[in-house]
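Okay, work_2.cif is below, mmCIF, C-alpha atoms:
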```
data_target
loop_
_atom_site.label_atom_id
_atom_site.label_comp_id
_atom_site.auth_asym_id
_atom_site.auth_seq_id
_atom_site.Cartn_x
_atom_site.Cartn_y
_atom_site.Cartn_z
CA GLN A 1 84.47 86.58 111.96
CA LYS A 2 84.87 90.29 111.30
CA GLU A 3 81.70 92.35 111.18
CA VAL A 4 82.78 93.95 107.90
CA GLU A 5 84.89 92.22 105.24
CA GLN A 6 86.59 94.02 102.36
CA ASP A 7 89.06 92.65 99.84
CA PRO A 8 92.29 94.56 100.52
CA GLY A 9 93.51 94.20 96.95
CA PRO A 10 95.65 95.75 95.64
CA LEU A 11 93.62 96.46 92.52
CA SER A 12 95.25 97.90 89.41
CA VAL A 13 93.24 98.89 86.31
CA PRO A 14 93.82 101.00 83.18
CA GLU A 15 92.48 104.53 82.91
CA GLY A 16 88.87 104.61 81.75
CA ALA A 17 87.96 101.21 83.18
CA ILE A 18 84.93 100.59 85.38
CA VAL A 19 85.99 99.74 88.92
CA SER A 20 83.93 97.69 91.35
CA LEU A 21 84.75 97.71 95.06
CA ASN A 22 82.81 95.50 97.45
CA CYS A 23 82.15 94.83 101.13
CA THR A 24 80.12 92.24 102.96
CA TYR A 25 78.85 92.48 106.51
CA SER A 26 77.37 90.15 109.07
CA ASN A 27 75.55 92.43 111.52
CA SER A 28 71.96 93.30 110.63
CA ALA A 29 72.11 96.21 113.10
CA PHE A 30 74.07 98.34 110.64
CA GLN A 31 71.85 101.19 109.51
CA TYR A 32 74.02 103.51 107.44
CA PHE A 33 76.58 102.70 104.77
CA MET A 34 79.47 104.88 103.65
CA TRP A 35 82.48 104.90 101.37
CA TYR A 36 85.60 106.84 102.30
CA ARG A 37 88.55 107.66 100.08
CA GLN A 38 92.03 107.92 101.58
CA TYR A 39 95.04 109.28 99.73
CA SER A 40 98.48 108.21 100.84
CA ARG A 41 99.52 109.63 104.25
CA LYS A 42 96.20 111.48 104.60
CA GLY A 43 93.03 111.00 106.61
CA PRO A 44 89.95 109.42 105.01
CA GLU A 45 87.34 111.69 103.44
CA LEU A 46 83.69 110.83 103.00
CA LEU A 47 82.91 110.00 99.39
CA MET A 48 79.34 108.68 99.45
CA TYR A 49 76.75 107.58 101.95
CA THR A 50 73.40 105.86 101.82
CA TYR A 51 70.76 104.47 104.12
CA SER A 52 68.46 102.29 102.11
CA SER A 53 68.90 99.39 99.73
CA GLY A 54 69.33 100.40 96.12
CA ASN A 55 71.63 102.63 94.12
CA LYS A 56 72.82 106.17 94.72
CA GLU A 57 74.70 108.02 92.00
CA ASP A 58 77.05 111.00 92.26
CA GLY A 59 78.87 111.87 89.07
CA ARG A 60 81.14 108.96 88.14
CA PHE A 61 80.47 107.17 91.43
CA THR A 62 77.58 104.83 92.26
CA ALA A 63 77.00 103.30 95.68
CA GLN A 64 74.89 100.17 95.85
CA VAL A 65 73.43 98.52 98.95
CA ASP A 66 71.73 95.13 99.14
CA LYS A 67 70.57 94.66 102.72
CA SER A 68 69.05 91.25 102.03
CA SER A 69 72.46 89.91 100.96
CA LYS A 70 74.41 92.13 103.39
CA TYR A 71 76.52 93.41 100.51
CA ILE A 72 77.56 96.90 99.44
CA SER A 73 79.45 98.08 96.38
CA LEU A 74 81.06 101.21 94.99
CA PHE A 75 81.34 101.58 91.21
CA ILE A 76 83.65 104.09 89.56
CA ARG A 77 83.02 104.82 85.89
CA ASP A 78 85.60 106.32 83.53
CA SER A 79 88.29 105.88 86.18
CA GLN A 80 91.03 108.52 86.33
CA PRO A 81 94.60 108.40 87.71
CA SER A 82 93.41 110.85 90.40
CA ASP A 83 91.09 108.10 91.67
CA SER A 84 94.14 106.15 92.81
CA ALA A 85 93.70 105.82 96.58
CA THR A 86 92.60 103.43 99.28
CA TYR A 87 88.82 103.03 99.49
CA LEU A 88 87.26 102.09 102.81
CA CYS A 89 83.71 100.98 103.34
CA ALA A 90 82.17 101.91 106.69
CA MET A 91 78.95 101.00 108.41
CA SER A 92 77.22 102.58 111.35
CA LYS A 93 75.30 101.14 114.26
CA VAL A 94 74.02 102.62 117.51
CA ILE A 95 75.94 101.64 120.65
CA GLN A 96 74.80 103.12 123.98
CA GLY A 97 73.08 105.97 122.20
CA ALA A 98 76.08 106.84 120.00
CA GLN A 99 76.68 106.14 116.33
CA LYS A 100 79.69 103.85 116.00
CA LEU A 101 81.45 103.34 112.67
CA VAL A 102 82.95 99.97 111.74
CA PHE A 103 85.39 100.06 108.83
CA GLY A 104 86.41 97.48 106.28
CA GLN A 105 90.09 96.74 105.72
CA GLY A 106 90.30 99.12 102.76
CA THR A 107 91.09 98.36 99.10
CA ARG A 108 94.13 99.99 97.53
CA LEU A 109 93.26 101.06 93.99
CA THR A 110 95.70 102.19 91.28
CA ILE A 111 94.50 103.64 87.97
CA ASN A 112 97.23 103.39 85.32
CA PRO A 113 97.42 106.13 82.64
CA ASP B 114 89.12 127.21 107.75
CA GLY B 115 87.54 124.65 110.05
CA GLY B 116 89.21 121.32 110.49
CA ILE B 117 91.16 118.89 112.61
CA THR B 118 94.86 119.32 113.30
CA GLN B 119 96.97 116.38 114.37
CA SER B 120 100.55 116.78 115.51
CA PRO B 121 103.21 115.74 115.05
CA LYS B 122 102.96 114.19 111.61
CA TYR B 123 105.76 111.72 112.40
CA LEU B 124 106.79 110.52 115.85
CA PHE B 125 109.50 108.17 116.97
CA ARG B 126 109.40 106.50 120.35
CA LYS B 127 111.89 104.43 122.22
CA GLU B 128 110.63 101.26 123.81
CA GLY B 129 109.40 101.88 127.35
CA GLN B 130 108.46 105.51 126.74
CA ASN B 131 105.05 107.11 126.84
CA VAL B 132 104.17 109.50 124.02
CA THR B 133 101.24 111.85 123.54
CA LEU B 134 99.59 112.57 120.19
CA SER B 135 97.79 115.88 119.83
CA CYS B 136 94.36 116.38 118.22
CA GLU B 137 92.68 119.78 118.01
CA GLN B 138 89.44 120.69 116.20
CA ASN B 139 87.74 124.02 115.52
CA LEU B 140 84.56 122.55 114.05
CA ASN B 141 82.60 122.88 117.32
CA HIS B 142 81.92 119.13 117.22
CA ASP B 143 80.93 117.44 120.45
CA ALA B 144 82.18 113.95 119.57
CA MET B 145 85.81 113.02 118.99
CA TYR B 146 87.48 109.70 118.19
CA TRP B 147 90.86 108.03 117.96
CA TYR B 148 91.49 105.27 115.43
CA ARG B 149 94.49 103.13 114.70
CA GLN B 150 95.23 102.03 111.13
CA ASP B 151 97.48 99.10 110.27
CA PRO B 152 98.10 97.72 106.77
CA GLY B 153 95.30 95.36 105.75
CA GLN B 154 93.26 96.00 108.92
CA GLY B 155 91.29 99.13 108.23
CA LEU B 156 90.54 101.56 111.07
CA ARG B 157 90.07 100.27 114.58
CA LEU B 158 88.52 102.40 117.32
CA ILE B 159 90.73 103.11 120.34
CA TYR B 160 88.71 105.64 122.38
CA TYR B 161 85.86 108.03 121.80
CA SER B 162 84.33 110.97 123.63
CA GLN B 163 80.84 112.34 123.17
CA ILE B 164 81.14 115.28 125.57
CA VAL B 165 83.79 117.09 127.59
CA ASN B 166 85.10 115.20 130.65
CA ASP B 167 83.67 111.90 129.41
CA PHE B 168 85.14 109.18 127.20
CA GLN B 169 84.66 105.48 126.49
CA LYS B 170 86.91 102.64 125.47
CA GLY B 171 86.73 101.41 121.92
CA ASP B 172 87.70 98.01 120.58
CA ILE B 173 91.45 98.22 121.23
CA ALA B 174 91.91 100.55 124.24
CA GLU B 175 94.55 98.50 126.09
CA GLY B 176 97.82 100.40 126.37
CA TYR B 177 96.27 103.77 125.51
CA SER B 178 94.81 106.63 127.55
CA VAL B 179 92.95 109.83 126.68
CA SER B 180 91.60 112.99 128.27
CA ARG B 181 88.88 115.44 127.23
CA GLU B 182 89.28 118.57 129.30
CA LYS B 183 88.28 120.92 126.48
CA LYS B 184 85.79 120.52 123.67
CA GLU B 185 88.47 121.33 121.10
CA SER B 186 91.12 118.90 122.30
CA PHE B 187 91.36 115.11 122.61
CA PRO B 188 94.98 113.99 123.18
CA LEU B 189 95.96 110.33 123.03
CA THR B 190 98.77 108.88 125.14
CA VAL B 191 100.42 105.70 123.93
CA THR B 192 101.84 104.08 127.03
CA SER B 193 104.68 101.61 127.43
CA ALA B 194 102.01 98.95 128.05
CA GLN B 195 101.04 99.04 124.36
CA LYS B 196 102.96 96.07 122.97
CA ASN B 197 102.89 97.00 119.28
CA PRO B 198 102.42 100.75 118.97
CA THR B 199 103.91 101.28 115.51
CA ALA B 200 100.94 102.39 113.39
CA PHE B 201 99.15 105.30 111.75
CA TYR B 202 96.88 107.10 114.21
CA LEU B 203 93.85 109.06 113.07
CA CYS B 204 91.74 111.49 115.04
CA ALA B 205 88.20 112.37 113.99
CA SER B 206 85.34 114.52 115.17
CA SER B 207 81.70 114.41 114.22
CA THR B 208 78.33 116.04 114.32
CA PRO B 209 75.42 113.93 115.59
CA GLY B 210 74.60 111.19 113.11
CA PRO B 211 76.78 108.82 111.08
CA TYR B 212 77.73 111.03 108.13
CA GLY B 213 79.44 113.91 109.83
CA TYR B 214 82.89 112.45 110.49
CA THR B 215 85.90 114.65 109.72
CA PHE B 216 89.35 113.12 109.97
CA GLY B 217 92.71 114.69 110.65
CA SER B 218 95.76 113.94 108.51
CA GLY B 219 97.15 111.43 110.96
CA THR B 220 100.28 110.80 113.01
CA ARG B 221 102.65 108.02 112.05
CA LEU B 222 104.22 106.56 115.19
CA THR B 223 107.29 104.36 114.96
CA VAL B 224 108.97 102.55 117.82
CA VAL B 225 112.75 102.52 117.51
#
```
Now, as a test, write the supplied structure out as structure tokens.
Amino acid sequence: QKEVEQDPGPLSVPEGAIVSLNCTYSNSAFQYFMWYRQYSRKGPELLMYTYSSGNKEDGRFTAQVDKSSKYISLFIRDSQPSDSATYLCAMSKVIQGAQKLVFGQGTRLTINP
Amino acid sequence: DGGITQSPKYLFRKEGQNVTLSCEQNLNHDAMYWYRQDPGQGLRLIYYSQIVNDFQKGDIAEGYSVSREKKESFPLTVTSAQKNPTAFYLCASSTPGPYGYTFGSGTRLTVV
């Protein structure tokens, strides 16, 4: 069983829709939770991060963490064609004194004008 | 501008050859990482280095080697022992803590 599971999609929605992206995890040692956005043939860039259970909002994006269910989500409101990308969840744990990131498989998202 | 530079952007390798992927950063980060990305598999950690002259194996280190002779540079060699090297390779560096990762633009390696 993978430590982090993410539905790879692809996911295609019309412009303006609300998008929900989700990841589950099995390791309770994960302390920090992140979402990265990756455009085609580019490196990932950090979109949002959070530490505690609950919601964190940044503009049209909301990150949600439920540690009791080992479940994290990213919501995108009023989705735009420029949001079309692959979204990767990532979780961090300490290994031998170093923070180690474990990534989900990534979900490819397309927003149709 | 500070950032991470990976070169080349595209690389073709014949079977049996070793190839080296370059990664240079001017962010003054101590830690550097190499990840491999395959379709539907996310990013998998190959090697990482927390300080100069020291590095550790990640989850899929077999068939790869690295060096860290300078803080700014962390080259990755894909050896002939790597059975399936065709993939997108990403280099990253980070500040202490989990949120400070910066990725390069990647190198796409294809075995021909």
_When the PyMOL selection byres ((chain A) within 8 of (chain B)) is applied to the structure above, which residues does it catch, written out as a list in words?_
Pro8, Tyr32, Met34, Arg41, Lys42, Gly43, Pro44, Glu45, Leu46, Tyr49, Leu88, Ser92, Ala98, Gln99, Lys100, Leu101, Val102, Phe103, Gly104, Gln105 and Gly106 of chain A
*asked:* Taking 6 positions as the minimum chain separation for residues in the same chain, which residues sit within 10 Å of Lys183 (chain B) when counting only C-alpha atoms? Answer as a PyMOL selection string.
replied: chain B and resi 137+164-166
*Quote the spacing between CA of Gln169 (chain B) and CA of Glu182 (chain B) in Å to one decimal place.*
14.2 Å
Would you list the contacts of Ala17 (chain A) as a compact mmCIF listing (two decimals) with C-alpha atoms, keeping the file's coordinate frame, taking every protein, DNA or RNA residue within 7 Å and counting all atoms listed in the file, but skipping same-chain residues closer than 5 positions in sequence?
```
# COMPACT_ATOMS: atom_id res chain seq x y z
CA ARG A 77 83.02 104.82 85.89
CA ASP A 78 85.60 106.32 83.53
CA SER A 79 88.29 105.88 86.18
```
*Quick one, how far is CA of Gln80 (chain A) from CA of Thr62 (chain A)?*
15.2 Å
*Work out how far apart CA of Ser53 (chain A) and CA of Lys67 (chain A) are and give it in Å to one decimal.*
5.8 Å
Select region 34-71 of chain A in the preceding structure and write N, CA, C and O atoms to a file as a PDB file, in the first residue's frame.
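File produced: out-v2.pdb:
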```
ATOM      1  N   MET A  34       0.970  19.669   1.848  1.00  0.00           N
ATOM      2  CA  MET A  34       1.179  20.660   0.811  1.00  0.00           C
ATOM      3  C   MET A  34       0.471  20.274  -0.478  1.00  0.00           C
ATOM      4  O   MET A  34       0.197  19.092  -0.721  1.00  0.00           O
ATOM      5  N   TRP A  35       0.178  21.281  -1.268  1.00  0.00           N
ATOM      6  CA  TRP A  35      -0.301  21.088  -2.635  1.00  0.00           C
ATOM      7  C   TRP A  35       0.644  21.820  -3.583  1.00  0.00           C
ATOM      8  O   TRP A  35       0.966  22.998  -3.365  1.00  0.00           O
ATOM      9  N   TYR A  36       1.097  21.098  -4.612  1.00  0.00           N
ATOM     10  CA  TYR A  36       1.933  21.669  -5.645  1.00  0.00           C
ATOM     11  C   TYR A  36       1.156  21.688  -6.958  1.00  0.00           C
ATOM     12  O   TYR A  36       0.349  20.798  -7.236  1.00  0.00           O
ATOM     13  N   ARG A  37       1.455  22.682  -7.769  1.00  0.00           N
ATOM     14  CA  ARG A  37       0.885  22.776  -9.107  1.00  0.00           C
ATOM     15  C   ARG A  37       2.020  22.636 -10.102  1.00  0.00           C
ATOM     16  O   ARG A  37       3.077  23.260  -9.946  1.00  0.00           O
ATOM     17  N   GLN A  38       1.793  21.822 -11.127  1.00  0.00           N
ATOM     18  CA  GLN A  38       2.827  21.570 -12.139  1.00  0.00           C
ATOM     19  C   GLN A  38       2.255  21.750 -13.522  1.00  0.00           C
ATOM     20  O   GLN A  38       1.387  20.986 -13.948  1.00  0.00           O
ATOM     21  N   TYR A  39       2.762  22.764 -14.233  1.00  0.00           N
ATOM     22  CA  TYR A  39       2.381  22.949 -15.628  1.00  0.00           C
ATOM     23  C   TYR A  39       3.210  22.006 -16.492  1.00  0.00           C
ATOM     24  O   TYR A  39       4.285  21.547 -16.100  1.00  0.00           O
ATOM     25  N   SER A  40       2.708  21.760 -17.695  1.00  0.00           N
ATOM     26  CA  SER A  40       3.325  20.779 -18.571  1.00  0.00           C
ATOM     27  C   SER A  40       4.797  21.102 -18.836  1.00  0.00           C
ATOM     28  O   SER A  40       5.148  22.244 -19.135  1.00  0.00           O
ATOM     29  N   ARG A  41       5.655  20.121 -18.665  1.00  0.00           N
ATOM     30  CA  ARG A  41       7.100  20.222 -18.923  1.00  0.00           C
ATOM     31  C   ARG A  41       7.779  21.257 -18.030  1.00  0.00           C
ATOM     32  O   ARG A  41       8.786  21.863 -18.403  1.00  0.00           O
ATOM     33  N   LYS A  42       7.214  21.469 -16.836  1.00  0.00           N
ATOM     34  CA  LYS A  42       7.809  22.363 -15.849  1.00  0.00           C
ATOM     35  C   LYS A  42       7.955  21.639 -14.521  1.00  0.00           C
ATOM     36  O   LYS A  42       7.389  20.574 -14.312  1.00  0.00           O
ATOM     37  N   GLY A  43       8.718  22.236 -13.599  1.00  0.00           N
ATOM     38  CA  GLY A  43       8.807  21.697 -12.259  1.00  0.00           C
ATOM     39  C   GLY A  43       7.615  22.111 -11.425  1.00  0.00           C
ATOM     40  O   GLY A  43       6.961  23.111 -11.703  1.00  0.00           O
ATOM     41  N   PRO A  44       7.302  21.363 -10.378  1.00  0.00           N
ATOM     42  CA  PRO A  44       6.186  21.729  -9.484  1.00  0.00           C
ATOM     43  C   PRO A  44       6.494  23.019  -8.734  1.00  0.00           C
ATOM     44  O   PRO A  44       7.654  23.322  -8.437  1.00  0.00           O
ATOM     45  N   GLU A  45       5.433  23.757  -8.421  1.00  0.00           N
ATOM     46  CA  GLU A  45       5.574  24.957  -7.594  1.00  0.00           C
ATOM     47  C   GLU A  45       4.596  24.860  -6.432  1.00  0.00           C
ATOM     48  O   GLU A  45       3.468  24.380  -6.591  1.00  0.00           O
ATOM     49  N   LEU A  46       5.043  25.289  -5.264  1.00  0.00           N
ATOM     50  CA  LEU A  46       4.213  25.194  -4.072  1.00  0.00           C
ATOM     51  C   LEU A  46       3.014  26.115  -4.196  1.00  0.00           C
ATOM     52  O   LEU A  46       3.154  27.310  -4.440  1.00  0.00           O
ATOM     53  N   LEU A  47       1.829  25.545  -3.979  1.00  0.00           N
ATOM     54  CA  LEU A  47       0.593  26.301  -4.086  1.00  0.00           C
ATOM     55  C   LEU A  47       0.050  26.665  -2.706  1.00  0.00           C
ATOM     56  O   LEU A  47      -0.272  27.814  -2.432  1.00  0.00           O
ATOM     57  N   MET A  48      -0.036  25.665  -1.841  1.00  0.00           N
ATOM     58  CA  MET A  48      -0.554  25.897  -0.482  1.00  0.00           C
ATOM     59  C   MET A  48       0.071  24.895   0.461  1.00  0.00           C
ATOM     60  O   MET A  48       0.470  23.802   0.045  1.00  0.00           O
ATOM     61  N   TYR A  49       0.133  25.253   1.735  1.00  0.00           N
ATOM     62  CA  TYR A  49       0.640  24.349   2.733  1.00  0.00           C
ATOM     63  C   TYR A  49      -0.109  24.572   4.039  1.00  0.00           C
ATOM     64  O   TYR A  49      -0.606  25.653   4.303  1.00  0.00           O
ATOM     65  N   THR A  50      -0.171  23.528   4.839  1.00  0.00           N
ATOM     66  CA  THR A  50      -0.830  23.634   6.128  1.00  0.00           C
ATOM     67  C   THR A  50      -0.276  22.583   7.076  1.00  0.00           C
ATOM     68  O   THR A  50       0.299  21.577   6.632  1.00  0.00           O
ATOM     69  N   TYR A  51      -0.470  22.837   8.350  1.00  0.00           N
ATOM     70  CA  TYR A  51       0.044  21.943   9.377  1.00  0.00           C
ATOM     71  C   TYR A  51      -1.068  21.272  10.170  1.00  0.00           C
ATOM     72  O   TYR A  51      -1.006  20.090  10.465  1.00  0.00           O
ATOM     73  N   SER A  52      -2.077  21.996  10.463  1.00  0.00           N
ATOM     74  CA  SER A  52      -3.099  21.481  11.365  1.00  0.00           C
ATOM     75  C   SER A  52      -4.358  21.075  10.610  1.00  0.00           C
ATOM     76  O   SER A  52      -4.560  21.453   9.453  1.00  0.00           O
ATOM     77  N   SER A  53      -5.199  20.323  11.261  1.00  0.00           N
ATOM     78  CA  SER A  53      -6.502  19.979  10.697  1.00  0.00           C
ATOM     79  C   SER A  53      -7.344  21.245  10.568  1.00  0.00           C
ATOM     80  O   SER A  53      -7.221  22.171  11.370  1.00  0.00           O
ATOM     81  N   GLY A  54      -8.186  21.261   9.543  1.00  0.00           N
ATOM     82  CA  GLY A  54      -9.031  22.426   9.317  1.00  0.00           C
ATOM     83  C   GLY A  54      -8.836  22.958   7.920  1.00  0.00           C
ATOM     84  O   GLY A  54      -8.286  22.287   7.056  1.00  0.00           O
ATOM     85  N   ASN A  55      -9.338  24.155   7.700  1.00  0.00           N
ATOM     86  CA  ASN A  55      -9.285  24.777   6.379  1.00  0.00           C
ATOM     87  C   ASN A  55      -8.309  25.952   6.356  1.00  0.00           C
ATOM     88  O   ASN A  55      -8.158  26.672   7.333  1.00  0.00           O
ATOM     89  N   LYS A  56      -7.677  26.143   5.207  1.00  0.00           N
ATOM     90  CA  LYS A  56      -6.837  27.299   4.973  1.00  0.00           C
ATOM     91  C   LYS A  56      -7.177  27.858   3.600  1.00  0.00           C
ATOM     92  O   LYS A  56      -7.173  27.110   2.623  1.00  0.00           O
ATOM     93  N   GLU A  57      -7.482  29.140   3.550  1.00  0.00           N
ATOM     94  CA  GLU A  57      -7.961  29.746   2.305  1.00  0.00           C
ATOM     95  C   GLU A  57      -6.939  30.730   1.769  1.00  0.00           C
ATOM     96  O   GLU A  57      -6.297  31.481   2.516  1.00  0.00           O
ATOM     97  N   ASP A  58      -6.774  30.728   0.426  1.00  0.00           N
ATOM     98  CA  ASP A  58      -5.905  31.695  -0.229  1.00  0.00           C
ATOM     99  C   ASP A  58      -6.526  32.035  -1.576  1.00  0.00           C
ATOM    100  O   ASP A  58      -6.376  31.289  -2.541  1.00  0.00           O
ATOM    101  N   GLY A  59      -7.256  33.127  -1.597  1.00  0.00           N
ATOM    102  CA  GLY A  59      -7.930  33.522  -2.842  1.00  0.00           C
ATOM    103  C   GLY A  59      -8.978  32.497  -3.238  1.00  0.00           C
ATOM    104  O   GLY A  59      -9.862  32.163  -2.455  1.00  0.00           O
ATOM    105  N   ARG A  60      -8.841  31.959  -4.450  1.00  0.00           N
ATOM    106  CA  ARG A  60      -9.815  30.962  -4.927  1.00  0.00           C
ATOM    107  C   ARG A  60      -9.512  29.552  -4.445  1.00  0.00           C
ATOM    108  O   ARG A  60     -10.262  28.620  -4.748  1.00  0.00           O
ATOM    109  N   PHE A  61      -8.442  29.381  -3.722  1.00  0.00           N
ATOM    110  CA  PHE A  61      -7.995  28.054  -3.300  1.00  0.00           C
ATOM    111  C   PHE A  61      -8.233  27.856  -1.798  1.00  0.00           C
ATOM    112  O   PHE A  61      -7.982  28.746  -0.993  1.00  0.00           O
ATOM    113  N   THR A  62      -8.705  26.652  -1.456  1.00  0.00           N
ATOM    114  CA  THR A  62      -8.877  26.266  -0.058  1.00  0.00           C
ATOM    115  C   THR A  62      -8.271  24.885   0.141  1.00  0.00           C
ATOM    116  O   THR A  62      -8.604  23.951  -0.587  1.00  0.00           O
ATOM    117  N   ALA A  63      -7.381  24.784   1.116  1.00  0.00           N
ATOM    118  CA  ALA A  63      -6.799  23.497   1.485  1.00  0.00           C
ATOM    119  C   ALA A  63      -7.470  23.017   2.756  1.00  0.00           C
ATOM    120  O   ALA A  63      -7.663  23.783   3.698  1.00  0.00           O
ATOM    121  N   GLN A  64      -7.826  21.754   2.769  1.00  0.00           N
ATOM    122  CA  GLN A  64      -8.521  21.170   3.915  1.00  0.00           C
ATOM    123  C   GLN A  64      -7.781  19.918   4.371  1.00  0.00           C
ATOM    124  O   GLN A  64      -7.373  19.094   3.550  1.00  0.00           O
ATOM    125  N   VAL A  65      -7.582  19.792   5.675  1.00  0.00           N
ATOM    126  CA  VAL A  65      -6.915  18.626   6.236  1.00  0.00           C
ATOM    127  C   VAL A  65      -7.798  18.030   7.323  1.00  0.00           C
ATOM    128  O   VAL A  65      -8.296  18.743   8.189  1.00  0.00           O
ATOM    129  N   ASP A  66      -7.967  16.716   7.269  1.00  0.00           N
ATOM    130  CA  ASP A  66      -8.684  15.976   8.308  1.00  0.00           C
ATOM    131  C   ASP A  66      -7.752  14.863   8.790  1.00  0.00           C
ATOM    132  O   ASP A  66      -7.696  13.788   8.182  1.00  0.00           O
ATOM    133  N   LYS A  67      -7.018  15.142   9.848  1.00  0.00           N
ATOM    134  CA  LYS A  67      -6.031  14.172  10.323  1.00  0.00           C
ATOM    135  C   LYS A  67      -6.693  12.919  10.894  1.00  0.00           C
ATOM    136  O   LYS A  67      -6.125  11.831  10.828  1.00  0.00           O
ATOM    137  N   SER A  68      -7.880  13.053  11.432  1.00  0.00           N
ATOM    138  CA  SER A  68      -8.537  11.874  12.009  1.00  0.00           C
ATOM    139  C   SER A  68      -8.905  10.871  10.926  1.00  0.00           C
ATOM    140  O   SER A  68      -8.880   9.653  11.146  1.00  0.00           O
ATOM    141  N   SER A  69      -9.246  11.368   9.739  1.00  0.00           N
ATOM    142  CA  SER A  69      -9.600  10.494   8.613  1.00  0.00           C
ATOM    143  C   SER A  69      -8.424  10.269   7.672  1.00  0.00           C
ATOM    144  O   SER A  69      -8.555   9.517   6.704  1.00  0.00           O
ATOM    145  N   LYS A  70      -7.303  10.954   7.919  1.00  0.00           N
ATOM    146  CA  LYS A  70      -6.126  10.870   7.054  1.00  0.00           C
ATOM    147  C   LYS A  70      -6.504  11.231   5.608  1.00  0.00           C
ATOM    148  O   LYS A  70      -6.301  10.451   4.654  1.00  0.00           O
ATOM    149  N   TYR A  71      -7.044  12.430   5.479  1.00  0.00           N
ATOM    150  CA  TYR A  71      -7.628  12.851   4.198  1.00  0.00           C
ATOM    151  C   TYR A  71      -7.362  14.332   4.023  1.00  0.00           C
ATOM    152  O   TYR A  71      -7.570  15.115   4.944  1.00  0.00           O
TER     153      TYR A  71
END
```
